[in-house]
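J.: Sharing start.cif (mmCIF, C-alpha atoms and all ligand atoms) below.
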```cif
data_entry
#
loop_
_atom_site.label_atom_id
_atom_site.label_comp_id
_atom_site.auth_asym_id
_atom_site.auth_seq_id
_atom_site.Cartn_x
_atom_site.Cartn_y
_atom_site.Cartn_z
CA MET A 1 107.67 99.46 -142.12
CA LEU A 2 105.43 101.65 -144.23
CA ILE A 3 101.66 101.21 -144.14
CA VAL A 4 99.78 102.50 -147.17
CA ASP A 5 96.07 102.44 -146.47
CA ASP A 6 93.38 105.11 -146.50
CA ASP A 7 91.55 103.33 -143.68
CA LEU A 8 92.90 104.99 -140.54
CA ARG A 9 91.48 102.42 -138.12
CA ILE A 10 93.21 99.53 -139.84
CA SER A 11 96.46 101.49 -140.24
CA ARG A 12 96.56 102.25 -136.56
CA LEU A 13 95.82 98.66 -135.56
CA LEU A 14 98.65 97.51 -137.83
CA LYS A 15 100.96 100.11 -136.41
CA ARG A 16 100.26 98.96 -132.90
CA ILE A 17 100.99 95.33 -133.82
CA ALA A 18 104.23 96.43 -135.48
CA LEU A 19 105.33 98.46 -132.47
CA ALA A 20 104.62 95.50 -130.24
CA SER A 21 106.96 93.49 -132.46
CA ASP A 22 109.55 96.23 -132.17
CA VAL A 23 109.21 97.36 -135.79
CA GLU A 24 109.38 101.08 -136.46
CA THR A 25 106.36 102.14 -138.50
CA LEU A 26 105.05 105.00 -140.57
CA ILE A 27 101.46 105.37 -141.78
CA LEU A 28 100.77 106.92 -145.17
CA ASN A 29 97.13 107.88 -145.62
CA ASP A 30 97.56 109.87 -148.77
CA PRO A 31 98.79 107.46 -151.46
CA HIS A 32 99.62 110.38 -153.76
CA ARG A 33 102.68 111.01 -151.64
CA PHE A 34 103.81 107.40 -151.89
CA GLU A 35 106.95 107.89 -153.96
CA GLU A 36 108.23 110.85 -151.95
CA ILE A 37 107.72 109.04 -148.62
CA TYR A 38 109.08 105.75 -149.97
CA LEU A 39 112.30 107.41 -151.08
CA THR A 40 112.92 109.31 -147.86
CA TYR A 41 111.84 106.58 -145.45
CA GLN A 42 113.32 103.52 -147.27
CA PRO A 43 111.12 100.92 -145.55
CA ASN A 44 112.07 97.23 -145.27
CA ILE A 45 108.42 96.21 -145.28
CA ILE A 46 105.44 97.72 -147.08
CA LEU A 47 101.90 96.86 -146.08
CA MET A 48 99.47 98.15 -148.65
CA ASP A 49 95.83 98.18 -149.54
CA LEU A 50 94.94 97.46 -153.16
CA GLN A 51 91.88 99.66 -153.30
CA MET A 52 92.28 103.27 -152.37
CA PRO A 53 90.48 106.29 -153.74
CA GLN A 54 92.18 107.64 -156.86
CA VAL A 55 95.39 105.60 -156.64
CA ASP A 56 95.34 101.88 -157.14
CA GLY A 57 97.69 99.45 -155.51
CA ILE A 58 98.77 97.88 -158.81
CA GLU A 59 100.09 101.25 -159.94
CA ILE A 60 102.15 101.43 -156.76
CA LEU A 61 103.52 97.93 -157.39
CA ARG A 62 104.65 98.98 -160.87
CA ARG A 63 106.32 102.07 -159.48
CA LEU A 64 108.12 99.99 -156.83
CA ALA A 65 109.38 97.67 -159.56
CA GLU A 66 110.75 100.65 -161.51
CA LEU A 67 112.46 101.85 -158.34
CA LYS A 68 113.98 98.34 -158.00
CA SER A 69 112.60 98.06 -154.47
CA ASN A 70 113.60 95.00 -152.45
CA ALA A 71 111.23 95.73 -149.56
CA ALA A 72 108.98 92.86 -148.50
CA ILE A 73 105.50 93.72 -149.73
CA LEU A 74 102.35 92.50 -148.06
CA ILE A 75 98.95 93.21 -149.59
CA ILE A 76 96.00 93.84 -147.35
CA SER A 77 92.54 93.99 -148.78
CA GLY A 78 88.95 93.01 -148.41
CA MET A 79 88.79 91.78 -152.02
CA GLU A 80 88.28 88.16 -153.04
CA LYS A 81 91.12 85.76 -152.62
CA ASN A 82 91.68 85.15 -156.31
CA VAL A 83 92.12 88.86 -157.01
CA LEU A 84 94.70 89.06 -154.24
CA GLU A 85 96.51 85.98 -155.53
CA THR A 86 96.72 87.55 -158.96
CA ALA A 87 98.12 90.76 -157.50
CA VAL A 88 100.80 88.79 -155.65
CA ASP A 89 101.70 86.89 -158.85
CA LEU A 90 101.88 90.15 -160.75
CA GLY A 91 104.24 91.57 -158.13
CA ARG A 92 106.45 88.48 -158.37
CA SER A 93 106.57 88.74 -162.17
CA LEU A 94 107.78 92.31 -161.66
CA LYS A 95 110.59 90.83 -159.51
CA LEU A 96 109.21 92.34 -156.32
CA ASN A 97 109.70 90.66 -152.97
CA MET A 98 106.05 89.72 -152.37
CA ALA A 99 105.38 88.45 -148.84
CA GLY A 100 101.79 87.48 -149.67
CA PHE A 101 98.43 88.93 -148.70
CA LEU A 102 96.17 89.33 -145.73
CA ASN A 103 92.40 89.48 -145.87
CA LYS A 104 90.42 92.11 -144.01
CA PRO A 105 89.29 91.82 -141.26
CA ILE A 106 92.85 91.67 -140.07
CA ASP A 107 93.97 88.72 -137.98
CA VAL A 108 96.55 89.95 -135.49
CA ASP A 109 98.50 86.71 -135.32
CA SER A 110 99.07 86.46 -139.08
CA VAL A 111 100.41 90.02 -139.21
CA LYS A 112 102.79 89.23 -136.38
CA LYS A 113 103.98 86.07 -138.14
CA VAL A 114 104.80 88.02 -141.30
CA LEU A 115 106.69 90.66 -139.32
CA VAL A 116 108.73 88.09 -137.44
CA LYS A 117 109.50 86.18 -140.66
CA THR A 118 110.60 89.30 -142.50
CA PHE A 119 112.66 90.60 -139.65
CA VAL A 120 114.79 87.60 -138.76
CA SER A 121 116.97 89.73 -136.52
CA GLN A 122 119.85 90.94 -138.65
CA LYS A 123 122.71 91.00 -136.17
CA PRO A 124 126.09 92.36 -137.21
CA ALA A 125 128.71 89.74 -138.02
CA GLY A 126 130.71 88.58 -135.03
CA ALA A 127 128.04 89.42 -132.46
CA GLU A 128 127.25 85.74 -131.86
CA SER A 129 130.80 84.80 -130.96
CA PHE A 130 131.50 87.89 -128.85
CA VAL A 131 132.19 86.84 -125.27
CA PRO A 132 132.57 89.94 -123.10
CA THR A 133 135.17 90.13 -120.35
CA TYR A 134 135.02 91.84 -116.97
CA ASP A 135 136.67 94.96 -118.42
CA ASP A 136 134.28 95.07 -121.40
CA VAL A 137 131.25 95.15 -119.11
CA LYS A 138 132.85 97.61 -116.72
CA LEU A 139 133.64 99.97 -119.59
CA ALA A 140 130.17 99.52 -121.07
CA ILE A 141 128.67 100.81 -117.83
CA GLU A 142 131.14 103.70 -117.58
CA ARG A 143 130.63 104.69 -121.20
CA ASP A 144 126.89 104.65 -120.79
CA GLU A 145 126.30 101.94 -123.36
CA LEU A 146 123.55 100.24 -121.36
CA VAL A 147 120.03 100.93 -122.52
CA VAL A 148 116.74 99.93 -120.97
CA PHE A 149 113.88 98.32 -122.87
CA TYR A 150 110.42 98.07 -121.33
CA GLN A 151 107.82 95.36 -121.53
CA PRO A 152 104.25 96.14 -120.41
CA LEU A 153 102.27 94.00 -117.98
CA ILE A 154 98.51 93.84 -118.38
CA ASP A 155 95.96 93.53 -115.58
CA LEU A 156 93.94 90.54 -116.78
CA GLU A 157 90.80 91.61 -114.96
CA THR A 158 90.50 95.08 -116.48
CA GLY A 159 92.70 94.80 -119.55
CA GLU A 160 94.53 97.93 -118.41
CA ILE A 161 98.28 98.41 -118.45
CA ASP A 162 99.46 97.71 -114.93
CA GLY A 163 103.18 98.22 -115.11
CA LEU A 164 106.43 97.84 -117.00
CA GLU A 165 109.40 95.55 -116.58
CA SER A 166 112.82 97.09 -117.24
CA LEU A 167 115.05 94.80 -119.27
CA VAL A 168 118.62 95.85 -119.84
CA ARG A 169 120.34 95.79 -123.26
CA TRP A 170 123.87 96.69 -124.25
CA GLN A 171 124.16 98.96 -127.27
CA HIS A 172 127.60 97.78 -128.35
CA PRO A 173 129.41 100.19 -130.73
CA GLU A 174 130.60 97.28 -132.88
CA TYR A 175 128.24 94.35 -132.33
CA GLY A 176 124.95 96.19 -132.06
CA LEU A 177 122.27 95.43 -129.52
CA LEU A 178 123.30 92.67 -127.12
CA PHE A 179 120.85 90.77 -124.92
CA PRO A 180 121.25 90.28 -121.17
CA ASP A 181 121.98 86.55 -121.50
CA SER A 182 125.33 87.50 -123.05
CA PHE A 183 126.56 89.67 -120.18
CA ILE A 184 124.37 89.36 -117.03
CA PRO A 185 125.83 86.00 -115.96
CA LEU A 186 129.32 87.52 -116.12
CA ALA A 187 128.20 90.64 -114.24
CA GLU A 188 126.59 88.48 -111.57
CA GLY A 189 129.95 86.86 -110.98
CA HIS A 190 131.33 90.16 -109.66
CA VAL A 191 129.31 91.96 -107.01
CA GLU A 192 130.66 95.41 -107.93
CA LEU A 193 129.67 94.92 -111.59
CA ILE A 194 126.12 93.74 -110.99
CA ASP A 195 125.83 96.44 -108.35
CA SER A 196 126.68 99.33 -110.68
CA LEU A 197 124.68 97.76 -113.53
CA THR A 198 121.59 97.51 -111.35
CA TYR A 199 121.75 101.12 -110.14
CA ARG A 200 122.34 102.28 -113.72
CA VAL A 201 119.22 100.39 -114.90
CA LEU A 202 117.21 101.74 -111.98
CA GLU A 203 118.34 105.30 -112.61
CA ILE A 204 117.58 105.19 -116.35
CA SER A 205 114.18 103.65 -115.59
CA LEU A 206 113.33 106.33 -113.02
CA ARG A 207 114.38 109.07 -115.42
CA ASP A 208 112.16 107.63 -118.15
CA ASP A 209 109.34 107.40 -115.62
CA VAL A 210 109.63 111.11 -114.92
CA SER A 211 109.03 111.89 -118.60
CA ARG A 212 106.05 109.53 -118.74
CA ARG A 213 104.59 111.09 -115.59
CA ARG A 214 104.81 114.52 -117.21
CA LYS A 215 102.46 113.15 -119.86
CA GLY A 216 100.13 111.80 -117.19
CA VAL A 217 101.16 108.14 -117.44
CA GLU A 218 101.90 106.60 -114.06
CA LEU A 219 102.70 102.88 -114.06
CA LYS A 220 104.33 100.40 -111.73
CA LEU A 221 107.95 99.66 -112.50
CA ALA A 222 109.56 96.25 -112.13
CA ILE A 223 113.34 96.01 -111.82
CA ASN A 224 115.35 92.78 -111.87
CA LEU A 225 117.41 92.47 -108.75
CA SER A 226 120.12 89.86 -108.67
CA ALA A 227 120.12 87.78 -105.49
CA ARG A 228 123.83 88.56 -105.29
CA LEU A 229 122.90 92.05 -104.07
CA LEU A 230 120.85 90.73 -101.19
CA SER A 231 123.94 90.56 -99.02
CA ASP A 232 124.52 94.31 -99.12
CA LEU A 233 122.99 95.82 -96.00
CA ALA A 234 123.07 99.29 -97.56
CA LEU A 235 120.85 98.20 -100.49
CA PRO A 236 117.47 99.34 -99.12
CA ASP A 237 118.80 102.81 -98.31
CA LYS A 238 120.60 103.15 -101.63
CA ILE A 239 117.44 102.30 -103.56
CA GLU A 240 115.35 104.59 -101.40
CA LYS A 241 117.73 107.46 -102.01
CA LEU A 242 117.36 107.05 -105.78
CA LEU A 243 113.57 106.88 -105.49
CA LYS A 244 113.56 110.14 -103.54
CA LYS A 245 115.81 111.80 -106.13
CA TYR A 246 113.19 111.12 -108.80
CA ASP A 247 110.21 111.63 -106.53
CA PHE A 248 109.06 108.06 -107.19
CA SER A 249 106.70 106.53 -104.69
CA ALA A 250 108.15 103.25 -103.34
CA SER A 251 104.83 101.43 -103.64
CA ARG A 252 105.12 101.68 -107.43
CA LEU A 253 108.42 99.80 -107.42
CA ILE A 254 108.52 96.02 -107.80
CA LEU A 255 111.81 94.22 -107.22
CA GLU A 256 111.93 90.94 -109.15
CA ILE A 257 114.29 88.53 -107.50
CA THR A 258 115.58 85.25 -108.88
CA GLU A 259 117.12 82.95 -106.35
CA SER A 260 120.54 82.14 -107.77
CA GLY A 261 121.87 79.94 -105.07
CA ALA A 262 123.82 82.90 -103.77
CA MET A 263 121.48 83.37 -100.82
CA ASP A 264 123.88 81.57 -98.58
CA ASP A 265 123.18 83.77 -95.58
CA ALA A 266 119.45 83.37 -95.18
CA SER A 267 119.09 85.62 -92.15
CA LEU A 268 120.96 88.49 -93.83
CA THR A 269 118.81 88.11 -96.96
CA MET A 270 115.69 88.08 -94.82
CA ASP A 271 116.81 91.23 -93.02
CA ILE A 272 117.31 93.09 -96.31
CA LEU A 273 114.09 91.87 -97.90
CA THR A 274 112.12 92.84 -94.82
CA ARG A 275 113.60 96.32 -94.85
CA LEU A 276 112.70 96.75 -98.51
CA ARG A 277 109.13 95.79 -97.60
CA VAL A 278 109.07 98.18 -94.64
CA LYS A 279 110.00 100.92 -97.07
CA ASN A 280 106.87 99.93 -99.07
CA MET A 281 108.63 98.41 -102.07
CA ARG A 282 107.01 95.30 -103.54
CA LEU A 283 108.87 92.01 -103.92
CA SER A 284 108.31 89.53 -106.67
CA ILE A 285 109.74 86.03 -106.98
CA ASP A 286 110.91 85.62 -110.57
CA ASP A 287 111.13 82.40 -112.62
CA PHE A 288 108.91 80.59 -110.15
CA GLY A 289 108.94 76.85 -110.61
CA THR A 290 112.51 76.57 -111.86
CA GLY A 291 115.88 75.94 -110.30
CA TYR A 292 116.28 77.55 -106.95
CA SER A 293 113.00 79.42 -106.83
CA SER A 294 111.11 77.16 -104.55
CA LEU A 295 108.30 76.75 -102.12
CA ILE A 296 110.53 77.32 -99.15
CA GLN A 297 111.09 80.94 -100.17
CA LEU A 298 107.38 81.52 -100.35
CA TYR A 299 106.71 81.00 -96.73
CA ARG A 300 110.05 82.23 -95.40
CA MET A 301 110.37 85.46 -97.36
CA PRO A 302 108.06 88.46 -97.49
CA PHE A 303 107.11 88.32 -101.18
CA ASN A 304 104.06 90.07 -102.68
CA GLU A 305 103.99 88.39 -106.04
CA ILE A 306 104.98 85.27 -107.99
CA LYS A 307 106.01 85.21 -111.63
CA VAL A 308 105.24 81.88 -113.24
CA ASP A 309 108.27 81.04 -115.33
CA LYS A 310 107.81 81.41 -119.07
CA SER A 311 108.87 77.81 -119.71
CA PHE A 312 105.46 76.71 -118.38
CA VAL A 313 103.44 79.51 -119.93
CA LEU A 314 104.98 79.03 -123.40
CA LYS A 315 103.88 75.38 -123.41
CA ALA A 316 100.52 75.78 -121.69
CA MET A 317 98.53 75.23 -124.89
CA THR A 318 100.43 72.18 -126.09
CA ASP A 319 101.43 70.43 -122.90
CA LYS A 320 98.88 69.34 -120.29
CA GLU A 321 101.39 69.24 -117.44
CA ALA A 322 102.64 72.76 -118.18
CA ALA A 323 99.04 74.03 -118.15
CA GLU A 324 98.46 72.25 -114.85
CA ILE A 325 101.54 73.87 -113.32
CA CYS A 326 100.19 77.29 -114.36
CA ARG A 327 96.85 76.49 -112.73
CA ILE A 328 98.38 75.19 -109.51
CA THR A 329 100.73 78.17 -109.22
CA VAL A 330 97.84 80.62 -109.58
CA ASP A 331 95.92 78.79 -106.86
CA LEU A 332 98.95 78.49 -104.61
CA GLY A 333 99.78 82.19 -104.96
CA HIS A 334 96.22 83.23 -104.24
CA SER A 335 95.85 80.99 -101.22
CA LEU A 336 98.99 82.63 -99.82
CA GLY A 337 97.61 86.09 -100.58
CA LEU A 338 100.06 86.79 -103.41
CA GLU A 339 99.48 88.23 -106.84
CA VAL A 340 100.36 85.93 -109.73
CA VAL A 341 101.96 87.10 -112.97
CA ALA A 342 102.45 85.01 -116.11
CA GLU A 343 105.35 85.85 -118.40
CA GLY A 344 105.88 84.50 -121.92
CA VAL A 345 102.30 84.89 -123.17
CA GLU A 346 102.64 84.51 -126.93
CA ASP A 347 99.10 84.00 -128.22
CA THR A 348 95.41 84.76 -127.66
CA GLU A 349 94.63 81.24 -126.44
CA THR A 350 97.18 81.42 -123.62
CA TYR A 351 96.02 84.92 -122.70
CA GLN A 352 92.44 83.67 -122.41
CA PHE A 353 93.45 80.53 -120.54
CA LEU A 354 95.30 82.61 -117.92
CA THR A 355 92.37 85.01 -117.61
CA GLN A 356 90.09 82.04 -116.93
CA LEU A 357 92.50 80.73 -114.29
CA GLY A 358 92.19 84.07 -112.50
CA CYS A 359 95.86 84.90 -113.01
CA ASP A 360 96.32 88.56 -112.13
CA LYS A 361 98.73 89.89 -114.73
CA ALA A 362 100.23 88.86 -118.04
CA GLN A 363 103.32 89.78 -119.98
CA GLY A 364 104.58 88.51 -123.31
CA TYR A 365 105.14 88.96 -127.02
CA TYR A 366 101.41 88.60 -127.63
CA ILE A 367 100.90 91.88 -125.78
CA CYS A 368 104.15 93.63 -126.57
CA ARG A 369 107.83 92.82 -126.94
CA PRO A 370 110.34 94.71 -124.81
CA ILE A 371 110.73 98.06 -126.59
CA GLU A 372 112.56 101.36 -126.16
CA SER A 373 111.05 104.19 -124.16
CA SER A 374 110.23 106.35 -127.20
CA ARG A 375 108.30 103.58 -128.95
CA LEU A 376 106.69 102.56 -125.70
CA SER A 377 104.92 105.90 -125.26
CA ILE A 378 103.33 105.54 -128.70
CA TRP A 379 102.36 101.95 -127.88
CA ILE A 380 100.79 103.02 -124.57
CA ASP A 381 98.71 105.75 -126.22
CA GLU A 382 97.47 103.43 -128.93
CA TYR A 383 96.76 100.57 -126.51
CA ASN A 384 94.72 102.84 -124.24
CA GLU A 385 92.84 104.36 -127.15
CA ASP A 386 92.03 100.91 -128.46
CA LEU A 387 90.92 99.75 -125.01
CA GLN A 388 88.54 102.70 -124.76
CA LEU A 389 87.11 102.17 -128.24
CA ASN A 390 86.83 98.41 -128.35
CA GLY A 391 87.04 97.24 -124.75
CA ARG A 392 89.27 94.29 -123.90
P1 LIG A 401 113.45 87.60 -116.94
O1 LIG A 401 113.50 88.56 -115.80
O2 LIG A 401 112.74 86.30 -116.72
O3 LIG A 401 112.81 88.45 -118.13
C1 LIG A 401 111.88 87.95 -119.05
C2 LIG A 401 112.56 87.56 -120.33
O4 LIG A 401 111.59 86.92 -121.14
C3 LIG A 401 113.05 88.76 -121.14
O5 LIG A 401 114.23 88.37 -121.83
C4 LIG A 401 111.92 88.95 -122.13
O6 LIG A 401 112.32 89.57 -123.34
C5 LIG A 401 111.49 87.52 -122.39
N1 LIG A 401 110.11 87.44 -122.84
C6 LIG A 401 109.08 88.26 -122.54
N2 LIG A 401 107.95 87.88 -123.12
C7 LIG A 401 108.26 86.76 -123.82
C8 LIG A 401 107.49 85.89 -124.68
O7 LIG A 401 106.27 86.07 -124.90
N3 LIG A 401 108.15 84.84 -125.24
C9 LIG A 401 109.48 84.62 -125.00
N4 LIG A 401 110.05 83.57 -125.62
N5 LIG A 401 110.22 85.43 -124.22
C10 LIG A 401 109.62 86.49 -123.64
P2 LIG A 401 115.52 89.30 -121.81
O8 LIG A 401 115.13 90.72 -121.90
O9 LIG A 401 116.46 88.73 -122.82
O10 LIG A 401 116.08 89.07 -120.35
C11 LIG A 401 116.63 87.84 -119.97
C12 LIG A 401 116.98 87.82 -118.50
O11 LIG A 401 118.05 88.72 -118.21
C13 LIG A 401 115.84 88.30 -117.61
O12 LIG A 401 114.93 87.28 -117.46
C14 LIG A 401 116.59 88.65 -116.34
O13 LIG A 401 116.85 87.51 -115.58
C15 LIG A 401 117.93 89.17 -116.88
N6 LIG A 401 117.91 90.63 -116.84
C16 LIG A 401 117.42 91.52 -117.73
N7 LIG A 401 117.61 92.80 -117.32
C17 LIG A 401 118.25 92.73 -116.12
C18 LIG A 401 118.72 93.70 -115.17
O14 LIG A 401 118.58 94.92 -115.33
N8 LIG A 401 119.33 93.22 -114.05
C19 LIG A 401 119.48 91.88 -113.81
N9 LIG A 401 120.08 91.51 -112.67
N10 LIG A 401 119.05 90.95 -114.68
C20 LIG A 401 118.45 91.35 -115.83
CA CA A 402 112.15 89.49 -114.46
CA CA A 403 111.25 85.39 -115.48
#
```
Write out the structure in this file as structure tokens.

T.:
Amino acid sequence: MLIVDDDLRISRLLKRIALASDVETLILNDPHRFEEIYLTYQPNIILMDLQMPQVDGIEILRRLAELKSNAAILIISGMEKNVLETAVDLGRSLKLNMAGFLNKPIDVDSVKKVLVKTFVSQKPAGAESFVPTYDDVKLAIERDELVVFYQPLIDLETGEIDGLESLVRWQHPEYGLLFPDSFIPLAEGHVELIDSLTYRVLEISLRDDVSRRRKGVELKLAINLSARLLSDLALPDKIEKLLKKYDFSASRLILEITESGAMDDASLTMDILTRLRVKNMRLSIDDFGTGYSSLIQLYRMPFNEIKVDKSFVLKAMTDKEAAEICRITVDLGHSLGLEVVAEGVEDTETYQFLTQLGCDKAQGYYICRPIESSRLSIWIDEYNEDLQLNGR
């Protein structure tokens, strides 16, 4: 996406929203360089102001029409609605792909909606029907095709970034970026696969953490740990060894565990979980409220944190019962001395609702989508800058 606006504050806000939606973005403050940048960068989306000193937006629209651009164009301006409507009509008559207009001040949710609409994920053909086999996943790990995306968690009391969750992706040479739902269930069916996948994800995450630490950013790190691995007595030592290798303090590591029904040997599981805790790692119970994640685990196992499943959080604003489950889970967690995290926060209203409930942390598309390490560092800088300037 290319942002053409001489107002730096607005450009940076837009850029942050775009990054949170996983859209790569460039800001152009000097509209005189528009054509040069447009031709080298080839954006899919252009967000532009109509009124800029010296160059006017209409001129840019004409130029884009001459260049036969098919980028989605969104006009942003503080001008009256009818002027903006005319500009959009003009663009359409020039056969440009006009996505509409946004009025200043900018409303975050409408920008997000436009981005999502324009970027209906263009997956390569065949990706949907690709069903990986054991060998495919094994080779993917060996060939280093796994990548880690990160999603920030926000401390609802302070508004500060509290930590990151590592979410694995498979950068398939033919089918593009594949999501965990398409290969984790298979990997979980074979202990050795989920085992090597997990250590790979942990190692990549620790390596990325080292580069963030060099820039002075030190955040908690949450890793998804399949319950299948909780029967390996060597697990706590293996994890600890990796933490030492990267000089990562165990108290910054959160292990998110989803009960999968595989915890058949409860005393063995308990042994391993307790040893992880003794080594100062934190344990989180993932997808709380669904399937096997149940109350019984809460009082039997040494967890530090509960993650309210996103199925409740997503519906909290439209479904009374879902909202009630969120409220009860926060209270339950707190009365047991646990921190409570909500995942799947997609709008301001839900974010505020959870803050009012006293929920400790939030995670979701409203804050930021899972993104790659390189984009994440930009997002972190801009989030922190914004927090300092404008408060929560
Ligand atoms: P999870 O641990 O419950 O992770 C949260 C999922 O919710 C992620 O999906 C994330 O992208 C998605 N999400 C976050 N915020 C929102 C939101 O606001 N709205 C909606 N609709 N969704 C949101 P993802 O990345 O596709 O991961 C799916 C599942 O795959 C994870 O669920 C986790 O169970 C598993 N997984 C991911 N990475 C690993 C891994 O390294 N190891 C293991 N064992 N499992 C993994
Ligand atoms: Ca998780
Ligand atoms: Ca979850």

J.: Can you work out which residues are within 7 Å of ligand LIG 401 (chain A), considering all atoms listed in the file, and then hand them over as a compact mmCIF listing (two decimals) with C-alpha atoms, keeping the file's coordinate frame?

T.:
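Full text of pocket14.txt as output:
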```txt
# COMPACT_ATOMS: atom_id res chain seq x y z
CA SER A 166 112.82 97.09 -117.24
CA LEU A 167 115.05 94.80 -119.27
CA VAL A 168 118.62 95.85 -119.84
CA PHE A 179 120.85 90.77 -124.92
CA PRO A 180 121.25 90.28 -121.17
CA ASP A 181 121.98 86.55 -121.50
CA ILE A 184 124.37 89.36 -117.03
CA ILE A 194 126.12 93.74 -110.99
CA LEU A 197 124.68 97.76 -113.53
CA THR A 198 121.59 97.51 -111.35
CA VAL A 201 119.22 100.39 -114.90
CA ILE A 223 113.34 96.01 -111.82
CA ASN A 224 115.35 92.78 -111.87
CA LEU A 225 117.41 92.47 -108.75
CA SER A 226 120.12 89.86 -108.67
CA ASP A 286 110.91 85.62 -110.57
CA ASP A 287 111.13 82.40 -112.62
CA LYS A 310 107.81 81.41 -119.07
CA LEU A 314 104.98 79.03 -123.40
CA GLU A 343 105.35 85.85 -118.40
CA GLY A 344 105.88 84.50 -121.92
CA VAL A 345 102.30 84.89 -123.17
CA GLU A 346 102.64 84.51 -126.93
CA GLN A 363 103.32 89.78 -119.98
CA GLY A 364 104.58 88.51 -123.31
CA TYR A 365 105.14 88.96 -127.02
CA TYR A 366 101.41 88.60 -127.63
CA ARG A 369 107.83 92.82 -126.94
CA PRO A 370 110.34 94.71 -124.81
```

J.: Mind giving me the straight-line distance from atom CA of A:Glu324 to atom CA of A:Val308 in Å, one decimal?

T.: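 Going from atom CA of A:Glu324 over to atom CA of A:Val308, I get 11.9 Å.
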
J.: For ligand CA 403 (chain A), which residue out of A:Pro31, A:Gly289, A:Gly337, A:Pro302 is the nearest one, using all atoms listed in the file?

T.: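 Between A:Pro31, A:Gly289, A:Gly337, A:Pro302, the residue approaching ligand CA 403 (chain A) most closely is A:Gly289.
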
J.: Would you mind listing what lies within 8 Å of A:Met52 as a ChimeraX atom specification, with all atoms listed in the file counted and same-chain residues fewer than 5 positions away left out?

T.: /A:5-6,31,57

J.: What's the 12 Å shell around A:Asn384, counting all atoms listed in the file, without same-chain residues fewer than 2 positions away, as a ChimeraX atom specification?

T.: /A:16,154,158-162,217,377-382,386-392
